[in-house]
Amino acid sequence: MKIEQIYTGCIAQAAYYLESNGEAAIFDPLREVQPYLDKAQKDNAKIKYIFETHFHADFVSGHIDLAQKSGGKIVYGPTAAPEFEAIIATDNQEFKVGDYTVKAIHTPGHTLESTCYLLTDANGKQHGIITGDTLFIGDVGRPDLAQALTEELTQEKLASYLFDSLRNKIMPLADDLIVYPSHGAGSACGKNMSKETTDTLGNQKKTNYALRADMTKEEFTKELLDGLGAPPAYFPQNVMLNIKGYESLDTVIKNSKIALSAAEFEAVANQGDVVVLDVRHENDFVKAHIPNSIFIGIQGNFAPWVGSLLRDVNQKLLLVIPEGREEETITRLSRVGFDHVLGYLNGGIDAWTTAGFETDAIASISPETFANQLKADSIVVDARKPGEFEAEHVENAINLPLDNVNENFQSVPKDRDFFLHCAGGYRSVIMASILKSRGIHNMINVEKGMNGIKQTSVNCTQFVCPSTQK
């Protein structure tokens with residue numbers, strides 16, 4: 001028997017592979033399913049079940065493709081109503097996977113159908129619990145996603161359900177039970193997740209703010225909703241794809257992996273309603289890029305930023321990609337439902353310039369040059385999140401988080417140049433590309449961001465974040 005966590009860092013998501021006595025189960029699979037099939041084949045095991053903890057909002061699950069390719073049965077918890085064949089488990093229903101027993105425990109709150117899966121070995125020992133987005137390490141799932149689909153489900157009502165689920169279904173379980181959540185730090189499905197991706201339930205009872213034994217429902221709701229930002233716009237669209245179904249990833253890759261010459265690329269780009277997405281490294285993008293293209297580098301948290309900033313999963317895309325990473329890019333876009341890639345620039349930016357087409361650039365300077373050019377009346381725009389800004393920032397800087405650039409782009413100064421930075425140089429180039437696509441060109445990007453600035457003589461102001469004060 002084995003239980004294996006399969007963690008994908010770029011979207012902070014954990015799937016799980018359970019194998020026992022020639023049978024296997026997959027929990028919350030990613031869109032690309034071949035790795036799960038390979039694992040089962042290596043173990044000479046047949047995938048019997050594909051368990052889903054809920055209808056995911058932050059990624060498109062691979063349940064449909066995996067069921068078709070493996071013959072495994074899709075399982076959801078109570079109240080789920082998918083538009084494809086699936087087993088809808090009852091509360092406490094048990095499933096056998098080899099010598100292991102998987103019990104479905106209905107835990108509404110994050111969503112109405114949210115369900116955890118309790119794992120019991122051949123000796124009757126409860127080993128672990130796969131908690132989905134109900135319980136994370138250091139946090140619990142946000143209760144405001146289902147309301148985007150059903151208006152009467154307020155976040156307060158869902159928080160109340162989650163409180164009851166945690167107290168009545170999860171906390172009574174044994175302290176030595178291993179908690180296997182669906183996400184870690186960096187996911188937008190919670191606000192305070194740990195970098196650790198597993199823990200014992202007993203330790204979570206001691207350290208997780210949401211599991212305090214003396215907590216009232218009102219206190220739980222208040223603390224859970226405090227500081228909870230708006231969910232990314234693509235979340236409801238991913239939920240609907242997971243409910244209704246989607247095109248096979250094999251078909252998406254076949255339709256998207258189309259090499260276009262510079263002339264063909266330019267012709268498609270001019271058809272309208274097409275975004276040119278450049279996924280190279282930020283250092284390459286600032287030097288030369290196709291005018292009005294958007295930069296979101298594949299080396300960072302690529303897919304979540306695409307979803308958060310481009311928003312519409314039906315957006316048509318043309319790609320500028322580092323050579324050899326075409327299928328990877330298309331696959332990672334598909335993880336968040338962006339399946340409408342029209343092709344990629346064959347030969348990259350070099351082919352574009354060789355064909356005689358125009359390129360653009362972003363003024364970019366080192367932290368040392370920034371320190372030398374910074375004056376008392378200089379305007380500095382900080383693209384980091386509010387919590388990062390509150391902890392430390394350049395004196396007199398303006399905080400305009402990248403997350404909200406589509407709403408707040410009018411707030412940047414337009415009558416004079418301004419410096420733009422983030423933490424390490426990735427997000428500021430994303431913001432610069434979006435601003436340039438909206439006709440704002442007077443920014444100067446600071447390379448290496450706050451990490452580099454702190455190594456210079458620039459004065460920075462330190463704060464204690466109010467939310468952490470006791």
# chains A, B, ... in the order shown; residues from 1 in each chain; ligands from 1
$ residues_around --residues "Tyr16 of chain A" --least-positions-apart "6" --cutoff "12 Å" --atoms "only C-alpha atoms" --output "VMD selection string"
chain A and resid 2 to 8 24 to 30 35 to 36 39 49 to 53 117 119 128 to 132 179 to 183 197 to 198
$ select_by_dssp --residues "segment 324-380 of chain A" --states "helix (DSSP H, G or I)" --output "CSV table (one decimal) with C-alpha atoms, in the first residue's frame"
chain,number,residue,atom,x,y,z
A,326,GLU,CA,5.4,24.9,-26.5
A,327,GLU,CA,3.5,21.9,-25.2
A,328,GLU,CA,4.3,22.7,-21.6
A,329,THR,CA,2.9,26.2,-22.0
A,330,ILE,CA,-0.3,25.0,-23.6
A,331,THR,CA,-0.7,22.4,-20.9
A,332,ARG,CA,-0.2,24.9,-18.1
A,333,LEU,CA,-2.7,27.3,-19.7
A,334,SER,CA,-5.2,24.4,-19.9
A,348,GLY,CA,10.4,33.3,-31.5
A,349,ILE,CA,11.2,37.0,-31.3
A,350,ASP,CA,14.2,36.5,-33.6
A,351,ALA,CA,11.9,35.3,-36.4
A,352,TRP,CA,9.7,38.4,-35.8
A,353,THR,CA,12.6,40.9,-36.1
A,354,THR,CA,14.2,39.0,-39.0
A,367,PRO,CA,18.7,48.7,-8.3
A,368,GLU,CA,21.9,50.6,-8.0
A,369,THR,CA,20.9,52.9,-10.9
A,370,PHE,CA,17.5,53.4,-9.2
A,371,ALA,CA,19.3,54.4,-6.0
A,372,ASN,CA,21.3,57.0,-7.9
A,373,GLN,CA,18.4,58.4,-9.8
$ closest_atom_pairs --of "segment 328-370 of chain A" --to "segment 277-300 of chain A" --cutoff "8 Å" --atoms "only C-alpha atoms" --output "JSON lines"
{"residue": "A:Thr329", "atom": "CA", "partner": "A:Ile298", "partner_atom": "CA", "distance": 7.2}
{"residue": "A:Ile349", "atom": "CA", "partner": "A:His289", "partner_atom": "CA", "distance": 6.9}
{"residue": "A:Glu358", "atom": "CA", "partner": "A:Ile290", "partner_atom": "CA", "distance": 7.0}
{"residue": "A:Thr359", "atom": "CA", "partner": "A:Ile290", "partner_atom": "CA", "distance": 5.0}
{"residue": "A:Asp360", "atom": "CA", "partner": "A:Pro291", "partner_atom": "CA", "distance": 5.3}
{"residue": "A:Ala361", "atom": "CA", "partner": "A:Ala288", "partner_atom": "CA", "distance": 4.9}
{"residue": "A:Ile362", "atom": "CA", "partner": "A:Val286", "partner_atom": "CA", "distance": 4.7}
{"residue": "A:Ala363", "atom": "CA", "partner": "A:Val286", "partner_atom": "CA", "distance": 7.2}
{"residue": "A:Ser364", "atom": "CA", "partner": "A:Val286", "partner_atom": "CA", "distance": 7.0}
$ atom_distance --atom1 "atom CA of Asn314 of chain A" --atom2 "atom CA of Asn242 of chain A"
15.0 Å
$ atom_distance --atom1 "atom CA of Lys316 of chain A" --atom2 "atom CA of Ala262 of chain A"
17.7 Å
$ atom_distance --atom1 "atom CA of Arg427 of chain A" --atom2 "atom CA of Leu400 of chain A"
11.5 Å
$ residues_around --residues "Glu447 of chain A" --least-positions-apart "3" --cutoff "6 Å" --atoms "only C-alpha atoms" --output "short mmCIF file (atom, residue, chain, number, x, y, z; two decimals) with N, CA and C atoms, in the first residue's frame"
data_model
loop_
_atom_site.label_atom_id
_atom_site.label_comp_id
_atom_site.auth_asym_id
_atom_site.auth_seq_id
_atom_site.Cartn_x
_atom_site.Cartn_y
_atom_site.Cartn_z
N ILE A 365 16.11 49.41 -15.30
CA ILE A 365 17.37 49.81 -14.67
C ILE A 365 17.69 48.90 -13.50
N SER A 366 18.96 48.88 -13.11
CA SER A 366 19.40 48.09 -11.97
C SER A 366 18.99 48.78 -10.67
N GLY A 425 11.17 41.30 -9.52
CA GLY A 425 11.30 41.70 -10.91
C GLY A 425 10.33 41.05 -11.86
#
$ closest_residue --among "A:Tyr426, A:Phe55, A:Phe163, A:Tyr76" --to "Asp91 of chain A" --atoms "only C-alpha atoms"
A:Tyr76
$ select_by_dssp --residues "segment 340-446 of chain A" --states "strand (DSSP E or B)" --output "list in words"
Val341, Leu342, Gly343, Tyr344, Leu345, Asp360, Ser364, Ile365, Val380, Val381, Asp382, Glu392, His393, Val394, Ile398, Asn399, Phe418, Phe419, Leu420, His421, Met443, Ile444, Asn445 and Val446 of chain A
$ write_last_selection --atoms "N, CA and C atoms" --output "mmCIF file, in the first residue's frame"
data_model
loop_
_atom_site.group_PDB
_atom_site.id
_atom_site.type_symbol
_atom_site.label_atom_id
_atom_site.label_comp_id
_atom_site.auth_asym_id
_atom_site.auth_seq_id
_atom_site.Cartn_x
_atom_site.Cartn_y
_atom_site.Cartn_z
ATOM 1 N N VAL A 341 -5.835 28.649 -27.616
ATOM 2 C CA VAL A 341 -4.575 29.106 -28.202
ATOM 3 C C VAL A 341 -4.653 28.892 -29.713
ATOM 4 N N LEU A 342 -4.347 29.945 -30.469
ATOM 5 C CA LEU A 342 -4.438 29.874 -31.935
ATOM 6 C C LEU A 342 -3.120 29.498 -32.591
ATOM 7 N N GLY A 343 -2.047 29.445 -31.815
ATOM 8 C CA GLY A 343 -0.743 29.081 -32.355
ATOM 9 C C GLY A 343 0.363 29.826 -31.636
ATOM 10 N N TYR A 344 1.594 29.530 -32.024
ATOM 11 C CA TYR A 344 2.756 30.189 -31.418
ATOM 12 C C TYR A 344 3.709 30.667 -32.510
ATOM 13 N N LEU A 345 4.545 31.640 -32.156
ATOM 14 C CA LEU A 345 5.469 32.246 -33.108
ATOM 15 C C LEU A 345 6.648 31.315 -33.337
ATOM 16 N N ASP A 360 9.000 46.445 -29.419
ATOM 17 C CA ASP A 360 8.948 47.463 -28.380
ATOM 18 C C ASP A 360 9.868 47.023 -27.250
ATOM 19 N N SER A 364 14.385 49.708 -18.327
ATOM 20 C CA SER A 364 14.650 48.878 -17.159
ATOM 21 C C SER A 364 16.029 49.209 -16.612
ATOM 22 N N ILE A 365 16.113 49.411 -15.298
ATOM 23 C CA ILE A 365 17.373 49.815 -14.675
ATOM 24 C C ILE A 365 17.688 48.904 -13.496
ATOM 25 N N VAL A 380 7.376 56.457 -7.041
ATOM 26 C CA VAL A 380 7.700 55.032 -7.019
ATOM 27 C C VAL A 380 6.407 54.248 -6.857
ATOM 28 N N VAL A 381 6.123 53.356 -7.778
ATOM 29 C CA VAL A 381 4.930 52.512 -7.726
ATOM 30 C C VAL A 381 5.358 51.092 -7.365
ATOM 31 N N ASP A 382 4.764 50.548 -6.319
ATOM 32 C CA ASP A 382 5.082 49.222 -5.797
ATOM 33 C C ASP A 382 3.958 48.270 -6.182
ATOM 34 N N GLU A 392 7.297 46.373 4.528
ATOM 35 C CA GLU A 392 8.473 47.181 4.188
ATOM 36 C C GLU A 392 8.306 47.746 2.789
ATOM 37 N N HIS A 393 8.606 49.035 2.625
ATOM 38 C CA HIS A 393 8.542 49.614 1.280
ATOM 39 C C HIS A 393 9.440 50.842 1.184
ATOM 40 N N VAL A 394 9.711 51.238 -0.034
ATOM 41 C CA VAL A 394 10.482 52.453 -0.282
ATOM 42 C C VAL A 394 9.674 53.639 0.252
ATOM 43 N N ILE A 398 3.975 54.388 -3.704
ATOM 44 C CA ILE A 398 2.538 54.181 -3.873
ATOM 45 C C ILE A 398 2.302 52.692 -4.102
ATOM 46 N N ASN A 399 1.367 52.091 -3.371
ATOM 47 C CA ASN A 399 1.075 50.671 -3.543
ATOM 48 C C ASN A 399 -0.087 50.487 -4.522
ATOM 49 N N PHE A 418 7.703 57.399 -13.885
ATOM 50 C CA PHE A 418 7.696 56.848 -12.534
ATOM 51 C C PHE A 418 8.451 55.521 -12.512
ATOM 52 N N PHE A 419 8.989 55.182 -11.348
ATOM 53 C CA PHE A 419 9.674 53.919 -11.153
ATOM 54 C C PHE A 419 8.646 52.849 -10.752
ATOM 55 N N LEU A 420 8.829 51.656 -11.253
ATOM 56 C CA LEU A 420 7.916 50.550 -10.985
ATOM 57 C C LEU A 420 8.722 49.341 -10.514
ATOM 58 N N HIS A 421 8.316 48.749 -9.393
ATOM 59 C CA HIS A 421 9.022 47.555 -8.914
ATOM 60 C C HIS A 421 8.064 46.616 -8.194
ATOM 61 N N MET A 443 6.757 54.389 -17.587
ATOM 62 C CA MET A 443 7.303 53.706 -16.423
ATOM 63 C C MET A 443 8.750 53.289 -16.652
ATOM 64 N N ILE A 444 9.508 53.177 -15.570
ATOM 65 C CA ILE A 444 10.884 52.672 -15.594
ATOM 66 C C ILE A 444 10.941 51.486 -14.643
ATOM 67 N N ASN A 445 11.146 50.314 -15.178
ATOM 68 C CA ASN A 445 11.151 49.106 -14.368
ATOM 69 C C ASN A 445 12.453 48.973 -13.576
ATOM 70 N N VAL A 446 12.334 48.611 -12.298
ATOM 71 C CA VAL A 446 13.504 48.386 -11.455
ATOM 72 C C VAL A 446 13.755 46.878 -11.370
#
$ residues_around --residues "Asn408 of chain A" --least-positions-apart "4" --cutoff "12 Å" --atoms "only C-alpha atoms" --output "ChimeraX atom specification"
/A:383,399-404,412-413,431,434-435,438
$ write_last_selection --atoms "C-alpha atoms" --output "PDB file, in the first residue's frame"
ATOM      1  CA  ALA A 383       3.257  46.333  -7.514  1.00  0.00           C
ATOM      2  CA  ASN A 399       1.075  50.671  -3.543  1.00  0.00           C
ATOM      3  CA  LEU A 400      -0.810  49.562  -6.679  1.00  0.00           C
ATOM      4  CA  PRO A 401      -0.975  45.745  -6.470  1.00  0.00           C
ATOM      5  CA  LEU A 402      -0.688  43.808  -9.702  1.00  0.00           C
ATOM      6  CA  ASP A 403      -3.807  41.837  -8.726  1.00  0.00           C
ATOM      7  CA  ASN A 404      -5.899  44.982  -9.244  1.00  0.00           C
ATOM      8  CA  VAL A 412      -0.705  55.532 -12.212  1.00  0.00           C
ATOM      9  CA  PRO A 413       0.780  58.933 -13.079  1.00  0.00           C
ATOM     10  CA  MET A 431       2.295  45.245 -14.828  1.00  0.00           C
ATOM     11  CA  ILE A 434      -0.388  45.622 -19.186  1.00  0.00           C
ATOM     12  CA  LEU A 435       0.055  49.374 -18.739  1.00  0.00           C
ATOM     13  CA  ARG A 438      -3.375  50.414 -22.360  1.00  0.00           C
TER      14      ARG A 438
END
$ residues_around --residues "segment 44-48 of chain A" --least-positions-apart "4" --cutoff "7 Å" --atoms "only C-alpha atoms" --output "PyMOL selection string"
chain A and resi 22-25+40+70+72-73
$ closest_residue --among "A:Ala57, A:Ala86, A:Ile105, A:Ile430" --to "Ala146 of chain A" --atoms "only C-alpha atoms"
A:Ala57
$ closest_residue --among "A:Val405, A:His56, A:Gly324, A:Val458" --to "Ala376 of chain A" --atoms "only C-alpha atoms"
A:Val458
